[in-house]
Structure formats: structure tokens, C-alpha cells
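Peer 1: Take a look at upload.tsv, TSV, N, CA and C atoms:
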```
chain	number	residue	atom	x	y	z
A	138	MET	N	16.38	16.98	-11.31
A	138	MET	CA	15.82	15.65	-11.17
A	138	MET	C	14.42	15.76	-10.55
A	139	THR	N	13.47	15.10	-11.15
A	139	THR	CA	12.11	15.11	-10.64
A	139	THR	C	11.82	13.76	-10.00
A	140	THR	N	11.28	13.78	-8.78
A	140	THR	CA	10.89	12.55	-8.09
A	140	THR	C	9.48	12.72	-7.54
A	141	LEU	N	8.85	11.61	-7.25
A	141	LEU	CA	7.54	11.63	-6.61
A	141	LEU	C	7.76	11.95	-5.13
A	142	HIS	N	7.23	13.08	-4.67
A	142	HIS	CA	7.46	13.53	-3.30
A	142	HIS	C	6.55	12.80	-2.31
A	143	HIS	N	5.25	12.73	-2.61
A	143	HIS	CA	4.34	12.03	-1.71
A	143	HIS	C	3.17	11.44	-2.49
A	144	LEU	N	2.59	10.45	-1.89
A	144	LEU	CA	1.42	9.78	-2.41
A	144	LEU	C	0.34	9.94	-1.36
A	145	CYS	N	-0.80	10.49	-1.76
A	145	CYS	CA	-1.86	10.80	-0.81
A	145	CYS	C	-3.14	10.08	-1.21
A	146	MET	N	-3.71	9.36	-0.29
A	146	MET	CA	-4.96	8.64	-0.52
A	146	MET	C	-6.00	9.14	0.48
A	147	THR	N	-7.27	8.86	0.21
A	147	THR	CA	-8.33	9.15	1.18
A	147	THR	C	-8.92	7.83	1.65
A	148	THR	N	-9.48	7.86	2.84
A	148	THR	CA	-10.08	6.66	3.40
A	148	THR	C	-11.38	6.98	4.10
A	149	SER	N	-12.28	6.04	4.06
A	149	SER	CA	-13.53	6.16	4.81
A	149	SER	C	-13.41	5.47	6.15
A	150	GLN	N	-12.24	4.86	6.42
A	150	GLN	CA	-12.03	4.06	7.63
A	150	GLN	C	-10.66	4.38	8.23
A	151	MET	N	-10.48	5.58	8.76
A	151	MET	CA	-9.16	6.03	9.19
A	151	MET	C	-8.47	5.07	10.16
A	152	PRO	N	-9.08	4.62	11.25
A	152	PRO	CA	-8.34	3.71	12.14
A	152	PRO	C	-7.91	2.42	11.45
A	153	GLU	N	-8.79	1.84	10.63
A	153	GLU	CA	-8.46	0.59	9.94
A	153	GLU	C	-7.40	0.83	8.86
A	154	ALA	N	-7.51	1.92	8.12
A	154	ALA	CA	-6.51	2.24	7.10
A	154	ALA	C	-5.15	2.49	7.74
A	155	THR	N	-5.11	3.16	8.88
A	155	THR	CA	-3.85	3.41	9.57
A	155	THR	C	-3.22	2.09	9.99
A	156	ARG	N	-4.03	1.20	10.50
A	156	ARG	CA	-3.53	-0.14	10.88
A	156	ARG	C	-3.00	-0.89	9.66
A	157	PHE	N	-3.73	-0.83	8.53
A	157	PHE	CA	-3.31	-1.48	7.29
A	157	PHE	C	-1.96	-0.93	6.82
A	158	TYR	N	-1.84	0.39	6.73
A	158	TYR	CA	-0.61	0.97	6.21
A	158	TYR	C	0.57	0.78	7.17
A	159	ASP	N	0.32	0.72	8.47
A	159	ASP	CA	1.39	0.34	9.41
A	159	ASP	C	1.92	-1.04	9.05
A	160	ALA	N	1.00	-1.97	8.82
A	160	ALA	CA	1.38	-3.36	8.54
A	160	ALA	C	2.08	-3.51	7.20
A	161	VAL	N	1.63	-2.79	6.19
A	161	VAL	CA	2.21	-2.92	4.84
A	161	VAL	C	3.51	-2.12	4.71
A	162	LEU	N	3.54	-0.93	5.25
A	162	LEU	CA	4.70	-0.07	5.05
A	162	LEU	C	5.85	-0.36	6.01
A	163	GLY	N	5.56	-0.93	7.17
A	163	GLY	CA	6.62	-1.25	8.14
A	163	GLY	C	7.72	-2.13	7.56
A	164	PRO	N	7.39	-3.26	6.91
A	164	PRO	CA	8.43	-4.10	6.33
A	164	PRO	C	9.22	-3.43	5.20
A	165	LEU	N	8.72	-2.29	4.71
A	165	LEU	CA	9.39	-1.57	3.63
A	165	LEU	C	10.24	-0.41	4.16
A	166	GLY	N	10.37	-0.31	5.47
A	166	GLY	CA	11.23	0.70	6.07
A	166	GLY	C	10.55	2.02	6.40
A	167	TYR	N	9.23	2.07	6.32
A	167	TYR	CA	8.50	3.28	6.67
A	167	TYR	C	8.10	3.24	8.14
A	168	SER	N	7.95	4.42	8.74
A	168	SER	CA	7.40	4.51	10.08
A	168	SER	C	6.38	5.64	10.11
A	169	ARG	N	5.37	5.44	10.93
A	169	ARG	CA	4.32	6.46	11.02
A	169	ARG	C	4.88	7.66	11.77
A	170	GLU	N	4.61	8.84	11.22
A	170	GLU	CA	5.13	10.07	11.80
A	170	GLU	C	4.05	10.91	12.45
A	171	LEU	N	2.84	10.88	11.88
A	171	LEU	CA	1.77	11.74	12.37
A	171	LEU	C	0.48	10.97	12.34
A	172	THR	N	-0.32	11.15	13.38
A	172	THR	CA	-1.66	10.56	13.41
A	172	THR	C	-2.61	11.54	14.06
A	173	THR	N	-3.65	11.91	13.32
A	173	THR	CA	-4.74	12.69	13.87
A	173	THR	C	-6.03	11.99	13.45
A	174	ASP	N	-7.16	12.55	13.80
A	174	ASP	CA	-8.42	11.94	13.35
A	174	ASP	C	-8.66	12.18	11.86
A	175	ARG	N	-7.89	13.10	11.23
A	175	ARG	CA	-8.07	13.42	9.81
A	175	ARG	C	-6.92	12.99	8.92
A	176	LEU	N	-5.72	12.74	9.49
A	176	LEU	CA	-4.53	12.50	8.68
A	176	LEU	C	-3.55	11.58	9.39
A	177	SER	N	-2.98	10.64	8.63
A	177	SER	CA	-1.85	9.84	9.08
A	177	SER	C	-0.77	9.92	8.01
A	178	THR	N	0.51	9.99	8.44
A	178	THR	CA	1.62	10.05	7.49
A	178	THR	C	2.68	9.04	7.86
A	179	TRP	N	3.39	8.57	6.82
A	179	TRP	CA	4.50	7.63	7.00
A	179	TRP	C	5.70	8.16	6.24
A	180	HIS	N	6.86	8.10	6.90
A	180	HIS	CA	8.12	8.52	6.28
A	180	HIS	C	9.03	7.32	6.17
A	181	GLY	N	9.84	7.33	5.17
A	181	GLY	CA	10.81	6.28	4.90
A	181	GLY	C	11.43	6.61	3.57
A	182	GLN	N	11.60	5.61	2.75
A	182	GLN	CA	12.05	5.87	1.39
A	182	GLN	C	10.98	6.71	0.69
A	183	ALA	N	11.40	7.49	-0.29
A	183	ALA	CA	10.43	8.28	-1.05
A	183	ALA	C	9.48	7.34	-1.78
A	184	PRO	N	8.25	7.70	-1.94
A	184	PRO	CA	7.61	8.95	-1.53
A	184	PRO	C	7.08	8.86	-0.10
A	185	GLU	N	6.81	10.01	0.50
A	185	GLU	CA	6.09	10.07	1.76
A	185	GLU	C	4.67	9.59	1.48
A	186	ILE	N	4.05	8.90	2.43
A	186	ILE	CA	2.70	8.38	2.27
A	186	ILE	C	1.77	9.15	3.21
A	187	LEU	N	0.65	9.64	2.67
A	187	LEU	CA	-0.35	10.35	3.45
A	187	LEU	C	-1.70	9.69	3.24
A	188	VAL	N	-2.46	9.56	4.31
A	188	VAL	CA	-3.83	9.06	4.23
A	188	VAL	C	-4.72	10.07	4.95
A	189	TRP	N	-5.67	10.64	4.19
A	189	TRP	CA	-6.63	11.62	4.71
A	189	TRP	C	-7.99	10.96	4.88
A	190	ALA	N	-8.73	11.44	5.86
A	190	ALA	CA	-10.13	11.03	6.01
A	190	ALA	C	-10.94	11.65	4.87
A	191	VAL	N	-11.93	10.92	4.38
A	191	VAL	CA	-12.78	11.44	3.30
A	191	VAL	C	-13.51	12.69	3.74
A	192	GLU	N	-13.88	13.48	2.76
A	192	GLU	CA	-14.69	14.67	3.01
A	192	GLU	C	-16.04	14.44	2.37
A	193	GLY	N	-17.09	14.88	3.00
A	193	GLY	CA	-18.42	14.72	2.44
A	193	GLY	C	-19.01	13.36	2.77
A	194	ASP	N	-20.08	13.02	2.05
A	194	ASP	CA	-20.85	11.81	2.34
A	194	ASP	C	-20.46	10.59	1.51
A	195	GLU	N	-19.65	10.77	0.46
A	195	GLU	CA	-19.29	9.65	-0.42
A	195	GLU	C	-18.38	8.68	0.33
A	196	ARG	N	-18.82	7.44	0.47
A	196	ARG	CA	-18.07	6.42	1.21
A	196	ARG	C	-17.87	5.13	0.41
A	197	ALA	N	-18.30	5.11	-0.85
A	197	ALA	CA	-18.19	3.88	-1.65
A	197	ALA	C	-16.71	3.54	-1.85
A	198	PRO	N	-16.36	2.26	-1.72
A	198	PRO	CA	-14.97	1.86	-1.95
A	198	PRO	C	-14.57	2.03	-3.41
A	199	HIS	N	-13.28	2.14	-3.61
A	199	HIS	CA	-12.74	2.24	-4.97
A	199	HIS	C	-12.99	0.93	-5.71
A	200	THR	N	-13.25	1.01	-7.00
A	200	THR	CA	-13.42	-0.17	-7.84
A	200	THR	C	-12.25	-0.23	-8.82
A	201	PHE	N	-11.45	-1.28	-8.71
A	201	PHE	CA	-10.28	-1.46	-9.56
A	201	PHE	C	-10.71	-1.53	-11.03
A	202	GLY	N	-9.97	-0.85	-11.88
A	202	GLY	CA	-10.24	-0.87	-13.31
A	202	GLY	C	-11.09	0.28	-13.81
A	203	ARG	N	-11.72	1.01	-12.89
A	203	ARG	CA	-12.50	2.19	-13.28
A	203	ARG	C	-11.55	3.37	-13.39
A	204	PRO	N	-11.97	4.47	-13.98
A	204	PRO	CA	-11.09	5.63	-14.08
A	204	PRO	C	-10.56	6.04	-12.70
A	205	GLY	N	-9.32	6.46	-12.69
A	205	GLY	CA	-8.70	6.87	-11.44
A	205	GLY	C	-7.53	5.96	-11.09
A	206	TRP	N	-7.40	5.68	-9.85
A	206	TRP	CA	-6.30	4.89	-9.31
A	206	TRP	C	-6.24	3.50	-9.93
A	207	HIS	N	-5.07	3.06	-10.37
A	207	HIS	CA	-4.87	1.67	-10.78
A	207	HIS	C	-4.15	0.92	-9.67
A	208	HIS	N	-2.90	1.25	-9.40
A	208	HIS	CA	-2.22	0.73	-8.21
A	208	HIS	C	-0.93	1.48	-7.99
A	209	ALA	N	-0.41	1.38	-6.77
A	209	ALA	CA	0.91	1.91	-6.44
A	209	ALA	C	1.81	0.71	-6.20
A	210	ALA	N	3.05	0.79	-6.68
A	210	ALA	CA	4.00	-0.31	-6.50
A	210	ALA	C	5.18	0.18	-5.67
A	211	PHE	N	5.48	-0.58	-4.62
A	211	PHE	CA	6.62	-0.30	-3.76
A	211	PHE	C	7.70	-1.33	-4.01
A	212	ALA	N	8.94	-0.87	-4.14
A	212	ALA	CA	10.08	-1.77	-4.34
A	212	ALA	C	10.56	-2.27	-2.98
A	213	ALA	N	10.66	-3.57	-2.85
A	213	ALA	CA	11.16	-4.19	-1.62
A	213	ALA	C	12.61	-4.62	-1.81
A	214	ASP	N	13.38	-4.57	-0.74
A	214	ASP	CA	14.79	-4.94	-0.81
A	214	ASP	C	15.01	-6.41	-1.12
A	215	ASP	N	14.06	-7.25	-0.69
A	215	ASP	CA	14.23	-8.69	-0.88
A	215	ASP	C	12.87	-9.39	-0.85
A	216	ARG	N	12.89	-10.67	-1.16
A	216	ARG	CA	11.64	-11.45	-1.16
A	216	ARG	C	11.02	-11.55	0.23
A	217	ASP	N	11.88	-11.57	1.25
A	217	ASP	CA	11.36	-11.66	2.61
A	217	ASP	C	10.44	-10.49	2.95
A	218	ALA	N	10.76	-9.30	2.46
A	218	ALA	CA	9.90	-8.14	2.69
A	218	ALA	C	8.55	-8.34	2.01
A	219	VAL	N	8.55	-8.89	0.81
A	219	VAL	CA	7.29	-9.18	0.09
A	219	VAL	C	6.47	-10.17	0.90
A	220	LEU	N	7.13	-11.22	1.39
A	220	LEU	CA	6.43	-12.24	2.17
A	220	LEU	C	5.94	-11.67	3.51
A	221	SER	N	6.68	-10.75	4.11
A	221	SER	CA	6.26	-10.11	5.36
A	221	SER	C	5.00	-9.28	5.16
A	222	VAL	N	4.94	-8.55	4.04
A	222	VAL	CA	3.74	-7.77	3.74
A	222	VAL	C	2.56	-8.71	3.54
A	223	HIS	N	2.76	-9.78	2.78
A	223	HIS	CA	1.69	-10.75	2.56
A	223	HIS	C	1.17	-11.30	3.88
A	224	LYS	N	2.06	-11.69	4.77
A	224	LYS	CA	1.66	-12.24	6.07
A	224	LYS	C	0.90	-11.20	6.88
A	225	ALA	N	1.36	-9.95	6.87
A	225	ALA	CA	0.69	-8.89	7.62
A	225	ALA	C	-0.73	-8.66	7.11
A	226	VAL	N	-0.90	-8.71	5.80
A	226	VAL	CA	-2.23	-8.50	5.21
A	226	VAL	C	-3.15	-9.67	5.55
A	227	VAL	N	-2.63	-10.88	5.45
A	227	VAL	CA	-3.43	-12.06	5.81
A	227	VAL	C	-3.80	-12.00	7.29
A	228	ASP	N	-2.82	-11.72	8.15
A	228	ASP	CA	-3.07	-11.65	9.59
A	228	ASP	C	-4.06	-10.54	9.95
A	229	GLY	N	-4.09	-9.46	9.17
A	229	GLY	CA	-5.01	-8.36	9.41
A	229	GLY	C	-6.39	-8.56	8.81
A	230	ASN	N	-6.57	-9.71	8.12
A	230	ASN	CA	-7.84	-10.02	7.45
A	230	ASN	C	-8.21	-9.01	6.38
A	231	TRP	N	-7.19	-8.48	5.69
A	231	TRP	CA	-7.42	-7.59	4.55
A	231	TRP	C	-7.35	-8.42	3.28
A	232	THR	N	-7.48	-7.80	2.13
A	232	THR	CA	-7.60	-8.51	0.86
A	232	THR	C	-6.26	-8.71	0.18
A	233	VAL	N	-5.94	-9.97	-0.11
A	233	VAL	CA	-4.82	-10.32	-0.97
A	233	VAL	C	-5.41	-10.56	-2.35
A	234	VAL	N	-5.00	-9.77	-3.33
A	234	VAL	CA	-5.53	-9.90	-4.70
A	234	VAL	C	-4.78	-10.99	-5.44
A	235	HIS	N	-3.45	-10.95	-5.38
A	235	HIS	CA	-2.61	-11.97	-6.00
A	235	HIS	C	-1.56	-12.40	-4.99
A	236	GLU	N	-1.53	-13.67	-4.69
A	236	GLU	CA	-0.55	-14.22	-3.74
A	236	GLU	C	0.87	-13.93	-4.23
A	237	PRO	N	1.84	-13.95	-3.32
A	237	PRO	CA	3.23	-13.73	-3.74
A	237	PRO	C	3.67	-14.79	-4.76
A	238	ARG	N	4.26	-14.30	-5.85
A	238	ARG	CA	4.77	-15.22	-6.87
A	238	ARG	C	5.71	-14.47	-7.79
A	239	GLU	N	6.40	-15.22	-8.63
A	239	GLU	CA	7.26	-14.61	-9.64
A	239	GLU	C	6.43	-14.17	-10.83
A	240	TYR	N	6.88	-13.08	-11.45
A	240	TYR	CA	6.25	-12.54	-12.66
A	240	TYR	C	7.34	-12.43	-13.73
A	241	PRO	N	7.72	-13.57	-14.36
A	241	PRO	CA	8.79	-13.54	-15.35
A	241	PRO	C	8.43	-12.71	-16.58
A	242	GLU	N	7.14	-12.48	-16.80
A	242	GLU	CA	6.73	-11.65	-17.94
A	242	GLU	C	7.10	-10.18	-17.72
A	243	TYR	N	7.37	-9.80	-16.47
A	243	TYR	CA	7.79	-8.42	-16.16
A	243	TYR	C	9.30	-8.29	-16.26
A	244	SER	N	10.02	-9.18	-15.57
A	244	SER	CA	11.49	-9.25	-15.66
A	244	SER	C	11.97	-10.45	-14.87
A	245	ASP	N	13.20	-10.86	-15.12
A	245	ASP	CA	13.77	-12.01	-14.42
A	245	ASP	C	13.81	-11.74	-12.92
A	246	GLY	N	13.30	-12.69	-12.14
A	246	GLY	CA	13.34	-12.59	-10.70
A	246	GLY	C	12.29	-11.68	-10.07
A	247	TYR	N	11.42	-11.09	-10.88
A	247	TYR	CA	10.38	-10.18	-10.37
A	247	TYR	C	9.45	-11.00	-9.48
A	248	PHE	N	9.34	-10.62	-8.20
A	248	PHE	CA	8.56	-11.35	-7.21
A	248	PHE	C	7.67	-10.35	-6.49
A	249	ALA	N	6.35	-10.56	-6.53
A	249	ALA	CA	5.45	-9.54	-6.00
A	249	ALA	C	4.20	-10.13	-5.36
A	250	VAL	N	3.58	-9.31	-4.53
A	250	VAL	CA	2.26	-9.58	-3.97
A	250	VAL	C	1.41	-8.35	-4.26
A	251	PHE	N	0.13	-8.55	-4.53
A	251	PHE	CA	-0.82	-7.47	-4.75
A	251	PHE	C	-1.90	-7.56	-3.68
A	252	VAL	N	-2.15	-6.43	-3.00
A	252	VAL	CA	-3.12	-6.39	-1.92
A	252	VAL	C	-4.01	-5.16	-2.10
A	253	GLU	N	-5.09	-5.09	-1.33
A	253	GLU	CA	-5.95	-3.90	-1.35
A	253	GLU	C	-6.13	-3.38	0.06
A	254	ASP	N	-6.14	-2.05	0.16
A	254	ASP	CA	-6.37	-1.42	1.46
A	254	ASP	C	-7.85	-1.51	1.80
A	255	PRO	N	-8.28	-1.08	2.99
A	255	PRO	CA	-9.68	-1.22	3.38
A	255	PRO	C	-10.68	-0.52	2.47
A	256	ASP	N	-10.23	0.45	1.67
A	256	ASP	CA	-11.13	1.13	0.74
A	256	ASP	C	-10.97	0.65	-0.70
A	257	GLY	N	-10.25	-0.46	-0.91
A	257	GLY	CA	-10.14	-1.04	-2.23
A	257	GLY	C	-9.00	-0.51	-3.09
A	258	LEU	N	-8.11	0.31	-2.53
A	258	LEU	CA	-6.96	0.80	-3.31
A	258	LEU	C	-5.91	-0.30	-3.39
A	259	ARG	N	-5.47	-0.59	-4.61
A	259	ARG	CA	-4.54	-1.69	-4.83
A	259	ARG	C	-3.10	-1.25	-4.62
A	260	ILE	N	-2.36	-2.10	-3.91
A	260	ILE	CA	-0.94	-1.87	-3.61
A	260	ILE	C	-0.17	-3.11	-4.05
A	261	GLU	N	0.92	-2.89	-4.76
A	261	GLU	CA	1.85	-3.95	-5.13
A	261	GLU	C	3.13	-3.75	-4.33
A	262	VAL	N	3.67	-4.86	-3.82
A	262	VAL	CA	5.00	-4.83	-3.20
A	262	VAL	C	5.83	-5.84	-3.97
A	263	ALA	N	6.92	-5.35	-4.57
A	263	ALA	CA	7.72	-6.19	-5.47
A	263	ALA	C	9.19	-6.13	-5.15
A	264	HIS	N	9.82	-7.29	-5.22
A	264	HIS	CA	11.29	-7.37	-5.21
A	264	HIS	C	11.70	-7.58	-6.66
A	265	ILE	N	12.51	-6.64	-7.17
A	265	ILE	CA	12.94	-6.69	-8.56
A	265	ILE	C	14.46	-6.65	-8.55
A	266	PRO	N	15.10	-7.83	-8.65
A	266	PRO	CA	16.56	-7.84	-8.57
A	266	PRO	C	17.22	-7.11	-9.73
```
Take the structure I supplied and represent it as C-alpha cells, if you would.
Peer 2:
Amino acid sequence: MTTLHHLCMTTSQMPEATRFYDAVLGPLGYSRELTTDRLSTWHGQAPEILVWAVEGDERAPHTFGRPGWHHAAFAADDRDAVLSVHKAVVDGNWTVVHEPREYPEYSDGYFAVFVEDPDGLRIEVAHIP
């Protein structure tokens, strides 16, 4: 059986990204395991999440729709977890791309929120009954 072991992103804003991922991943059952000035990790349901500090001088945020990252989707146990992530992102003054709502075009009962981390990486949190 093959599974996704970890998801690793880079950030130009390590303290802010760590705060963002604490807020988004906490309601999904993740907890931060390691924090240094170069790396933060979260463990919980697979995959493990890693955020590294950028290397070099390139600091431009990611642009959605360009080659590379599209988005990562996390499965939530219930709608309340989706709403908790939405509230945490709003309270943190980060970007909500699409407010929580149903997506019947995906499947019956599909309920999701789409947000972006401080570097523009898109994250979906969805409850899919």
C-alpha cells in the first residue's frame, strides 16, 4: 500500500506560517512536534506536515494557477472542523479564498473552505460524508 508520508512546503515568513498552520491544523487533529528557526513539523493523521524556511533570496509569494502547487485538501471529521478552520483563518487575518459552503458538484454533502497560507499556498479543508 502506498500512502503520502509527508507534505513539505517552504515559507518566507516562518513565525507567521507556523502560527497559520497551528490554527489550521489544530482543528484537524494535528499538533506541532518540532519548531526551529528553519523547520516546523506537525503530526496527526497522515501525512506529516513540514514547513521549511526558504533558501536564497527568492521571496515572491506563490501565484495560484501557475505551474507548481495547486492546493492540498485535508479531510475533516465534520462540518464543525471546517467552520473552526474558517474562524481561525479569519481571526488570524489570513486569506479566505472561498467561504465555507456545500459543493454538490463534487459529491452529496461535500462541505469545504478554501484558504491561503501567508505565502499564497492554497489549502482546502473539507467534510465529505
Peer 1: Name all residues at most 7 Å from stretch 152-160 of chain A (count all atoms listed in the file; drop same-chain ones fewer than 6 positions away) and give them as a ChimeraX atom specification.
Peer 2: /A:169,177,221-222,225-226,254-256
Peer 1: List as JSON, numbers by chain the residues having at least one atom at most 7 Å from position (3.7, 10.0, 11.2) as given in the file, counting all atoms listed in the file.
Peer 2: {"A": [168, 169, 170, 171, 172, 177, 178, 179, 180]}
Peer 1: Could you tell me how far atom CA of A:Tyr243 lies from atom C of A:Pro204, in Å and to one decimal?
Peer 2: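 Spanning atom CA of A:Tyr243 to atom C of A:Pro204 is a straight-line distance of 23.6 Å.
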Peer 1: Given all atoms listed in the file as the basis, pick out the residue of A:Pro164, A:Pro184, A:Gly193, A:Pro198 nearest to A:Gly257.
Peer 2: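 Checking each of A:Pro164, A:Pro184, A:Gly193, A:Pro198 against A:Gly257, counting all atoms listed in the file, the winner is A:Pro198.
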Peer 1: How would you write, as a CSV table (one decimal) with N, CA and C atoms, in the frame of the given file, the set of residues in chain A that DSSP gives as alpha helix (DSSP H)?
Peer 2:
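Dumped everything to selection_4.csv:
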```csv
chain,number,residue,atom,x,y,z
A,151,MET,N,-10.5,5.6,8.8
A,151,MET,CA,-9.2,6.0,9.2
A,151,MET,C,-8.5,5.1,10.2
A,152,PRO,N,-9.1,4.6,11.2
A,152,PRO,CA,-8.3,3.7,12.1
A,152,PRO,C,-7.9,2.4,11.4
A,153,GLU,N,-8.8,1.8,10.6
A,153,GLU,CA,-8.5,0.6,9.9
A,153,GLU,C,-7.4,0.8,8.9
A,154,ALA,N,-7.5,1.9,8.1
A,154,ALA,CA,-6.5,2.2,7.1
A,154,ALA,C,-5.2,2.5,7.7
A,155,THR,N,-5.1,3.2,8.9
A,155,THR,CA,-3.8,3.4,9.6
A,155,THR,C,-3.2,2.1,10.0
A,156,ARG,N,-4.0,1.2,10.5
A,156,ARG,CA,-3.5,-0.1,10.9
A,156,ARG,C,-3.0,-0.9,9.7
A,157,PHE,N,-3.7,-0.8,8.5
A,157,PHE,CA,-3.3,-1.5,7.3
A,157,PHE,C,-2.0,-0.9,6.8
A,158,TYR,N,-1.8,0.4,6.7
A,158,TYR,CA,-0.6,1.0,6.2
A,158,TYR,C,0.6,0.8,7.2
A,159,ASP,N,0.3,0.7,8.5
A,159,ASP,CA,1.4,0.3,9.4
A,159,ASP,C,1.9,-1.0,9.0
A,160,ALA,N,1.0,-2.0,8.8
A,160,ALA,CA,1.4,-3.4,8.5
A,160,ALA,C,2.1,-3.5,7.2
A,161,VAL,N,1.6,-2.8,6.2
A,161,VAL,CA,2.2,-2.9,4.8
A,161,VAL,C,3.5,-2.1,4.7
A,162,LEU,N,3.5,-0.9,5.2
A,162,LEU,CA,4.7,-0.1,5.0
A,162,LEU,C,5.8,-0.4,6.0
A,216,ARG,N,12.9,-10.7,-1.2
A,216,ARG,CA,11.6,-11.4,-1.2
A,216,ARG,C,11.0,-11.6,0.2
A,217,ASP,N,11.9,-11.6,1.2
A,217,ASP,CA,11.4,-11.7,2.6
A,217,ASP,C,10.4,-10.5,3.0
A,218,ALA,N,10.8,-9.3,2.5
A,218,ALA,CA,9.9,-8.1,2.7
A,218,ALA,C,8.6,-8.3,2.0
A,219,VAL,N,8.6,-8.9,0.8
A,219,VAL,CA,7.3,-9.2,0.1
A,219,VAL,C,6.5,-10.2,0.9
A,220,LEU,N,7.1,-11.2,1.4
A,220,LEU,CA,6.4,-12.2,2.2
A,220,LEU,C,5.9,-11.7,3.5
A,221,SER,N,6.7,-10.8,4.1
A,221,SER,CA,6.3,-10.1,5.4
A,221,SER,C,5.0,-9.3,5.2
A,222,VAL,N,4.9,-8.6,4.0
A,222,VAL,CA,3.7,-7.8,3.7
A,222,VAL,C,2.6,-8.7,3.5
A,223,HIS,N,2.8,-9.8,2.8
A,223,HIS,CA,1.7,-10.8,2.6
A,223,HIS,C,1.2,-11.3,3.9
A,224,LYS,N,2.1,-11.7,4.8
A,224,LYS,CA,1.7,-12.2,6.1
A,224,LYS,C,0.9,-11.2,6.9
A,225,ALA,N,1.4,-10.0,6.9
A,225,ALA,CA,0.7,-8.9,7.6
A,225,ALA,C,-0.7,-8.7,7.1
A,226,VAL,N,-0.9,-8.7,5.8
A,226,VAL,CA,-2.2,-8.5,5.2
A,226,VAL,C,-3.2,-9.7,5.6
A,227,VAL,N,-2.6,-10.9,5.4
A,227,VAL,CA,-3.4,-12.1,5.8
A,227,VAL,C,-3.8,-12.0,7.3
A,228,ASP,N,-2.8,-11.7,8.2
A,228,ASP,CA,-3.1,-11.6,9.6
A,228,ASP,C,-4.1,-10.5,10.0
```
Peer 1: Grab the atom CA of A:Ala190 to atom CA of A:Leu258 distance for me, in Å with one decimal place.
Peer 2: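 Taking atom CA of A:Ala190 and atom CA of A:Leu258, their separation equals 14.2 Å.
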Peer 1: Rounded to one decimal place, report the atom N of A:Ala197-atom C of A:Gln150 distance in Å.
Peer 2: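 Going from atom N of A:Ala197 over to atom C of A:Gln150, I get 11.9 Å.
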Peer 1: Tell me which protein, DNA and RNA residues are within 8 Å of A:Glu261, counting all atoms listed in the file, leaving out same-chain ones fewer than 6 positions away, and put them as a tab-separated table (two decimals) with N, CA and C atoms, keeping the file's coordinate frame.
Peer 2:
```
chain	number	residue	atom	x	y	z
A	208	HIS	N	-2.90	1.25	-9.40
A	208	HIS	CA	-2.22	0.73	-8.21
A	208	HIS	C	-0.93	1.48	-7.99
A	209	ALA	N	-0.41	1.38	-6.77
A	209	ALA	CA	0.91	1.91	-6.44
A	209	ALA	C	1.81	0.71	-6.20
A	210	ALA	N	3.05	0.79	-6.68
A	210	ALA	CA	4.00	-0.31	-6.50
A	210	ALA	C	5.18	0.18	-5.67
A	211	PHE	N	5.48	-0.58	-4.62
A	211	PHE	CA	6.62	-0.30	-3.76
A	211	PHE	C	7.70	-1.33	-4.01
A	212	ALA	N	8.94	-0.87	-4.14
A	212	ALA	CA	10.08	-1.77	-4.34
A	212	ALA	C	10.56	-2.27	-2.98
A	213	ALA	N	10.66	-3.57	-2.85
A	213	ALA	CA	11.16	-4.19	-1.62
A	213	ALA	C	12.61	-4.62	-1.81
A	249	ALA	N	6.35	-10.56	-6.53
A	249	ALA	CA	5.45	-9.54	-6.00
A	249	ALA	C	4.20	-10.13	-5.36
A	250	VAL	N	3.58	-9.31	-4.53
A	250	VAL	CA	2.26	-9.58	-3.97
A	250	VAL	C	1.41	-8.35	-4.26
A	251	PHE	N	0.13	-8.55	-4.53
A	251	PHE	CA	-0.82	-7.47	-4.75
A	251	PHE	C	-1.90	-7.56	-3.68
A	252	VAL	N	-2.15	-6.43	-3.00
A	252	VAL	CA	-3.12	-6.39	-1.92
A	252	VAL	C	-4.01	-5.16	-2.10
A	253	GLU	N	-5.09	-5.09	-1.33
A	253	GLU	CA	-5.95	-3.90	-1.35
A	253	GLU	C	-6.13	-3.38	0.06
```
Peer 1: Can you list, as a short mmCIF file (atom, residue, chain, number, x, y, z; two decimals) with N, CA and C atoms, in the frame of the given file, all residues belonging to stretch 178-207 of chain A that DSSP tags as strand (DSSP E or B)?
Peer 2:
```cif
data_model
loop_
_atom_site.label_atom_id
_atom_site.label_comp_id
_atom_site.auth_asym_id
_atom_site.auth_seq_id
_atom_site.Cartn_x
_atom_site.Cartn_y
_atom_site.Cartn_z
N THR A 178 0.51 9.99 8.44
CA THR A 178 1.62 10.05 7.49
C THR A 178 2.68 9.04 7.86
N TRP A 179 3.39 8.57 6.82
CA TRP A 179 4.50 7.63 7.00
C TRP A 179 5.70 8.16 6.24
N HIS A 180 6.86 8.10 6.90
CA HIS A 180 8.12 8.52 6.28
C HIS A 180 9.03 7.32 6.17
N GLU A 185 6.81 10.01 0.50
CA GLU A 185 6.09 10.07 1.76
C GLU A 185 4.67 9.59 1.48
N ILE A 186 4.05 8.90 2.43
CA ILE A 186 2.70 8.38 2.27
C ILE A 186 1.77 9.15 3.21
N LEU A 187 0.65 9.64 2.67
CA LEU A 187 -0.35 10.35 3.45
C LEU A 187 -1.70 9.69 3.24
N VAL A 188 -2.46 9.56 4.31
CA VAL A 188 -3.83 9.06 4.23
C VAL A 188 -4.72 10.07 4.95
N TRP A 189 -5.67 10.64 4.19
CA TRP A 189 -6.63 11.62 4.71
C TRP A 189 -7.99 10.96 4.88
N ALA A 190 -8.73 11.44 5.86
CA ALA A 190 -10.13 11.03 6.01
C ALA A 190 -10.94 11.65 4.87
#
```
Peer 1: Draw an axis-aligned box tight on the listed atoms of stretch 186-201 of chain A, then pad every side by 6 Å and write out centre and edge lengths in Å to one decimal as AutoDock Vina command-line options.
Peer 2:
```
--center_x -8.4 --center_y 6.7 --center_z -2.5 --size_x 36.9 --size_y 28.4 --size_z 29.0
```
Peer 1: When you count all atoms listed in the file, which of these residues is closest to A:Asp214: A:Leu144, A:His264, A:Gly246, A:Pro241?
Peer 2: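 Closest to A:Asp214, using all atoms listed in the file: A:His264.
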